[in-house]
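Raw contents of coords15.txt, compact mmCIF, C-alpha atoms:
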# COMPACT_ATOMS: atom_id res chain seq x y z
CA GLU D 1 5.82 11.00 -19.45
CA ALA D 2 3.53 7.98 -19.26
CA GLY D 3 1.75 7.41 -15.97
CA VAL D 4 1.07 4.19 -14.12
CA THR D 5 -0.82 1.74 -16.30
CA GLN D 6 -2.93 -1.22 -15.24
CA SER D 7 -4.51 -4.07 -17.13
CA PRO D 8 -7.10 -5.24 -17.64
CA THR D 9 -9.54 -2.44 -16.95
CA HIS D 10 -12.27 -4.89 -16.00
CA LEU D 11 -12.06 -8.54 -15.07
CA ILE D 12 -14.94 -10.91 -14.44
CA LYS D 13 -14.30 -14.25 -12.78
CA THR D 14 -16.31 -16.89 -10.98
CA ARG D 15 -15.80 -18.03 -7.42
CA GLY D 16 -12.84 -20.38 -7.01
CA GLN D 17 -10.98 -19.14 -10.11
CA GLN D 18 -7.70 -17.25 -10.15
CA ALA D 19 -7.22 -13.64 -11.22
CA THR D 20 -4.04 -11.96 -12.44
CA LEU D 21 -3.77 -8.18 -12.48
CA ARG D 22 -0.88 -6.27 -14.01
CA CYS D 23 0.75 -2.93 -13.32
CA SER D 24 3.48 -0.94 -15.07
CA PRO D 25 5.04 1.83 -12.98
CA ILE D 26 6.21 5.20 -14.13
CA SER D 27 9.60 4.98 -15.82
CA GLY D 28 12.35 5.30 -13.21
CA HIS D 29 10.16 4.21 -10.31
CA THR D 30 11.30 1.08 -8.50
CA SER D 31 8.51 0.69 -5.93
CA VAL D 32 5.05 -0.68 -6.68
CA TYR D 33 2.16 -0.77 -4.22
CA TRP D 34 -1.14 -2.60 -4.46
CA TYR D 35 -4.34 -1.50 -2.73
CA GLN D 36 -7.84 -2.93 -2.56
CA GLN D 37 -10.81 -0.57 -2.60
CA ALA D 38 -14.02 -2.44 -1.94
CA LEU D 39 -17.31 -0.70 -2.72
CA GLY D 40 -18.07 1.96 -0.13
CA LEU D 41 -14.82 1.40 1.73
CA GLY D 42 -11.48 3.12 1.85
CA LEU D 43 -8.19 1.89 0.53
CA GLN D 44 -6.68 -1.16 2.15
CA PHE D 45 -2.95 -1.70 1.65
CA LEU D 46 -2.16 -5.09 0.10
CA LEU D 47 1.49 -5.34 -0.94
CA TRP D 48 4.62 -3.30 -1.51
CA TYR D 49 7.41 -4.36 -3.87
CA ASP D 50 10.71 -2.63 -4.30
CA GLU D 51 13.71 -3.69 -6.38
CA GLY D 52 12.06 -7.03 -7.08
CA GLU D 53 11.38 -7.97 -3.47
CA GLU D 54 8.29 -7.93 -1.29
CA ARG D 55 8.92 -5.28 1.39
CA ASN D 56 5.64 -5.19 3.26
CA ARG D 57 2.29 -6.88 3.30
CA GLY D 58 -1.12 -5.82 4.53
CA ASN D 59 -3.60 -7.87 6.50
CA PHE D 60 -4.75 -10.15 3.67
CA PRO D 61 -4.74 -13.96 3.38
CA PRO D 62 -1.92 -15.78 1.55
CA ARG D 63 -4.10 -16.35 -1.52
CA PHE D 64 -3.26 -12.73 -2.35
CA SER D 65 0.24 -12.77 -3.75
CA GLY D 66 2.33 -11.06 -6.35
CA ARG D 67 5.70 -10.40 -7.77
CA GLN D 68 7.81 -7.69 -9.32
CA PHE D 69 9.74 -8.25 -12.52
CA PRO D 70 13.24 -6.97 -13.44
CA ASN D 71 11.65 -4.10 -15.39
CA TYR D 72 9.76 -3.16 -12.16
CA SER D 73 6.34 -4.04 -13.51
CA SER D 74 4.24 -6.11 -11.16
CA GLU D 75 1.55 -8.75 -11.03
CA LEU D 76 -1.06 -9.30 -8.36
CA ASN D 77 -2.49 -12.82 -8.19
CA VAL D 78 -5.61 -13.71 -6.29
CA ASN D 79 -6.26 -17.45 -5.94
CA ALA D 80 -9.46 -19.23 -4.96
CA LEU D 81 -11.55 -16.14 -5.60
CA GLU D 82 -14.34 -15.32 -3.20
CA LEU D 83 -17.33 -13.06 -3.76
CA GLU D 84 -15.95 -10.49 -1.32
CA ASP D 85 -12.82 -10.10 -3.45
CA SER D 86 -14.92 -8.01 -5.82
CA ALA D 87 -13.31 -4.57 -5.68
CA LEU D 88 -11.26 -1.96 -7.47
CA TYR D 89 -7.58 -2.85 -7.27
CA LEU D 90 -5.28 0.12 -7.46
CA CYS D 91 -1.60 0.08 -8.22
CA ALA D 92 0.74 2.94 -7.35
CA SER D 93 4.42 3.56 -7.95
CA SER D 94 7.03 5.73 -6.33
CA GLY D 95 10.72 6.49 -6.71
CA GLY D 96 13.15 8.90 -8.28
CA ASP D 97 12.95 12.51 -7.14
CA SER D 98 9.45 12.06 -5.74
CA SER D 99 10.34 9.13 -3.52
CA ASN D 100 7.76 9.87 -0.83
CA GLU D 101 4.87 10.43 -3.24
CA GLN D 102 2.76 7.68 -4.78
CA PHE D 103 1.32 7.94 -8.28
CA PHE D 104 -1.77 5.88 -8.91
CA GLY D 105 -3.00 3.98 -11.93
CA PRO D 106 -6.66 3.92 -13.00
CA GLY D 107 -7.32 0.57 -11.36
CA THR D 108 -8.68 -2.83 -12.35
CA ARG D 109 -12.29 -3.54 -11.49
CA LEU D 110 -12.53 -7.21 -10.45
CA THR D 111 -15.98 -8.75 -10.27
CA VAL D 112 -16.40 -12.23 -8.80
CA LEU D 113 -19.66 -13.98 -9.65
CA GLY B 1 0.97 2.50 14.49
CA ASP B 2 0.43 5.43 12.18
CA SER B 3 -3.19 6.39 11.48
CA VAL B 4 -5.28 9.01 9.74
CA THR B 5 -8.72 10.17 10.82
CA GLN B 6 -10.98 12.26 8.63
CA MET B 7 -14.64 13.20 8.59
CA GLU B 8 -16.37 10.52 6.60
CA GLY B 9 -19.28 12.48 5.22
CA PRO B 10 -21.01 12.49 2.91
CA VAL B 11 -20.70 16.25 2.67
CA THR B 12 -23.25 18.05 0.52
CA LEU B 13 -22.73 21.71 -0.37
CA SER B 14 -24.20 24.24 -2.74
CA GLU B 15 -22.02 25.66 -5.47
CA GLU B 16 -19.76 28.51 -4.27
CA ALA B 17 -19.97 27.39 -0.63
CA PHE B 18 -16.87 27.15 1.59
CA LEU B 19 -15.44 23.69 2.10
CA THR B 20 -13.53 22.25 5.04
CA ILE B 21 -12.68 18.57 5.38
CA ASN B 22 -10.94 17.80 8.64
CA CYS B 23 -7.98 15.44 8.82
CA THR B 24 -5.89 14.53 11.85
CA TYR B 25 -3.09 12.03 12.08
CA THR B 26 -1.04 9.96 14.49
CA ALA B 27 2.50 9.19 13.46
CA THR B 28 5.99 8.73 14.76
CA GLY B 29 8.57 11.13 13.48
CA TYR B 30 7.75 13.66 10.82
CA PRO B 31 5.53 12.23 8.10
CA SER B 32 4.67 13.80 4.78
CA LEU B 33 0.96 14.58 4.38
CA PHE B 34 -1.16 14.32 1.27
CA TRP B 35 -4.63 14.90 -0.05
CA TYR B 36 -5.74 12.68 -2.91
CA VAL B 37 -8.96 13.03 -4.91
CA GLN B 38 -10.89 10.27 -6.64
CA TYR B 39 -13.42 11.30 -9.27
CA PRO B 40 -16.23 8.86 -10.11
CA GLY B 41 -14.95 5.79 -11.91
CA GLU B 42 -11.30 6.84 -11.75
CA GLY B 43 -8.17 6.13 -9.74
CA LEU B 44 -6.62 8.51 -7.21
CA GLN B 45 -4.96 11.76 -8.18
CA LEU B 46 -2.64 13.74 -5.96
CA LEU B 47 -4.33 17.03 -5.06
CA LEU B 48 -1.69 18.58 -2.81
CA LYS B 49 1.01 17.70 -0.32
CA ALA B 50 3.16 19.10 2.47
CA THR B 51 6.41 17.60 3.67
CA LYS B 52 7.18 19.56 6.84
CA ALA B 53 5.51 21.53 9.61
CA ASP B 54 3.88 24.83 8.60
CA ASP B 55 4.10 23.96 4.90
CA LYS B 56 1.01 24.88 2.93
CA GLY B 57 0.05 22.74 -0.03
CA SER B 58 -2.23 24.26 -2.65
CA ASN B 59 -3.71 23.27 -5.99
CA LYS B 60 -6.86 24.11 -7.99
CA GLY B 61 -8.07 26.47 -5.27
CA PHE B 62 -7.65 23.86 -2.52
CA GLU B 63 -5.31 24.48 0.40
CA ALA B 64 -4.09 22.56 3.44
CA THR B 65 -1.52 23.52 6.09
CA TYR B 66 0.63 21.00 7.94
CA ARG B 67 0.01 21.75 11.64
CA LYS B 68 2.35 19.74 13.79
CA GLU B 69 1.05 21.19 17.07
CA THR B 70 -2.47 19.94 16.36
CA THR B 71 -1.40 17.00 14.13
CA SER B 72 -3.84 18.20 11.48
CA PHE B 73 -3.96 18.76 7.73
CA HIS B 74 -7.43 20.15 7.04
CA LEU B 75 -8.48 20.65 3.42
CA GLU B 76 -10.16 23.94 2.50
CA LYS B 77 -11.57 25.63 -0.58
CA GLY B 78 -13.21 29.02 -0.63
CA SER B 79 -15.78 28.38 -3.35
CA VAL B 80 -16.59 24.85 -4.50
CA GLN B 81 -17.86 23.93 -7.95
CA VAL B 82 -20.02 21.05 -9.16
CA SER B 83 -16.89 19.59 -10.77
CA ASP B 84 -15.31 19.21 -7.30
CA SER B 85 -17.75 16.41 -6.48
CA ALA B 86 -15.51 13.46 -5.65
CA VAL B 87 -14.08 11.43 -2.78
CA TYR B 88 -11.19 13.05 -0.94
CA PHE B 89 -8.57 11.00 0.92
CA CYS B 90 -6.12 12.30 3.48
CA ALA B 91 -2.93 10.25 3.70
CA LEU B 92 0.49 10.18 5.28
CA SER B 93 3.72 8.52 4.39
CA GLY B 94 6.45 7.68 6.84
CA PRO B 95 9.76 9.49 6.92
CA ASN B 96 11.57 6.55 5.42
CA TYR B 97 11.59 6.11 1.69
CA GLY B 98 9.10 3.69 0.31
CA GLN B 99 6.89 3.14 3.33
CA ASN B 100 3.37 2.33 2.34
CA PHE B 101 0.85 5.09 2.71
CA VAL B 102 -1.72 5.19 5.46
CA PHE B 103 -5.02 6.51 4.09
CA GLY B 104 -7.99 7.95 5.87
CA PRO B 105 -11.42 6.46 5.09
CA GLY B 106 -12.24 9.11 2.49
CA THR B 107 -14.86 11.87 2.46
CA ARG B 108 -17.46 11.96 -0.28
CA LEU B 109 -18.27 15.50 -1.41
CA SER B 110 -21.34 16.32 -3.47
CA VAL B 111 -21.73 19.86 -4.80
CA LEU B 112 -25.18 20.84 -5.98
CA PRO B 113 -25.78 23.53 -8.63

Is it possible to give me this structure as structure tokens?
Amino acid sequence: EAGVTQSPTHLIKTRGQQATLRCSPISGHTSVYWYQQALGLGLQFLLWYDEGEERNRGNFPPRFSGRQFPNYSSELNVNALELEDSALYLCASSGGDSSNEQFFGPGTRLTVL
Amino acid sequence: GDSVTQMEGPVTLSEEAFLTINCTYTATGYPSLFWYVQYPGEGLQLLLKATKADDKGSNKGFEATYRKETTSFHLEKGSVQVSDSAVYFCALSGPNYGQNFVFGPGTRLSVLP
């Protein structure tokens, strides 16, 4: 069974640009979560999508947004990039028999120059 | 709100030493508790979990027992190896399906040969 996949692996942008990160959940999972892990810091919850709708949002500005598609894959968009947005962005999925367990992807390393 | 507190480290041990990483939580209801591990340059992997009081999760020589009376879920291993060097995160998820996880700050473990 394929795990959670994320693309791209690395992304380099300049300040003010937009970044789009993608996540495909495990087959059968309907929930997707996004986390930000800045260097030296723990995981900060960003967004939770389930069945195509945003269910919860962390303490981040509106320029962090996303969506979930009918096939349950998800995009995270970050507009007007700032230097401090440089981080590892982790996606996780849950659902099915393991509904209270999250499975993580390898992450996308975003660097803002 | 729900929260997780864990020793932040870094923790440095010699190979074959005994490991304890403390984790305590605050939560309403009866959360599920997890330990995740993040090896250098990778995403998070589930190490073990416990879903109710007195449950013991175990994997790869690591153990943790869900102690409701002390609201704790301490991670232990009897004899660590160099390959155990990683960051360890304690986390909880709410009793309702799909609630986002609350993670502790992570504990960096370095095991020296």

Item checked: For Tyr88 of chain B, the nearest of the candidates B:Val11, B:Leu109, B:Leu19, B:Ala53, counting only C-alpha atoms ->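 Of the candidates, the smallest distance to Tyr88 of chain B is held by B:Leu109.
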
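Interatomic distance, atom CA of Gln36 of chain D against atom CA of Asp85 of chain D: 8.8 Å.
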
Next item on the list: Output as a list in words the set of chain D residues within 9 Å of chain B, with distances taken over only C-alpha atoms.
Entry: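 The contacting residues on chain D are Ser31, Tyr33, Leu41, Gly42, Leu43, Gln44, Phe45, Leu47, Trp48, Asp50, Arg55, Asn56, Leu88, Leu90, Ser94, Gly95, Ser99, Asn100, Glu101, Gln102, Phe103, Phe104, Gly105, Pro106 and Gly107 of chain D.
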
Item checked: Surrounding residues of segment 63-71 of chain D excluding itself and chain neighbours under 3 positions, 12 Å, only C-alpha atoms, as a PyMOL selection string -> chain D and resi 16-36+45-60+74-82+85+89+91+93

Notebook entry, point to check: Which distance in Å separates atom CA of Thr5 of chain B and atom CA of Glu76 of chain B, to one decimal?
Noted result: 16.2 Å
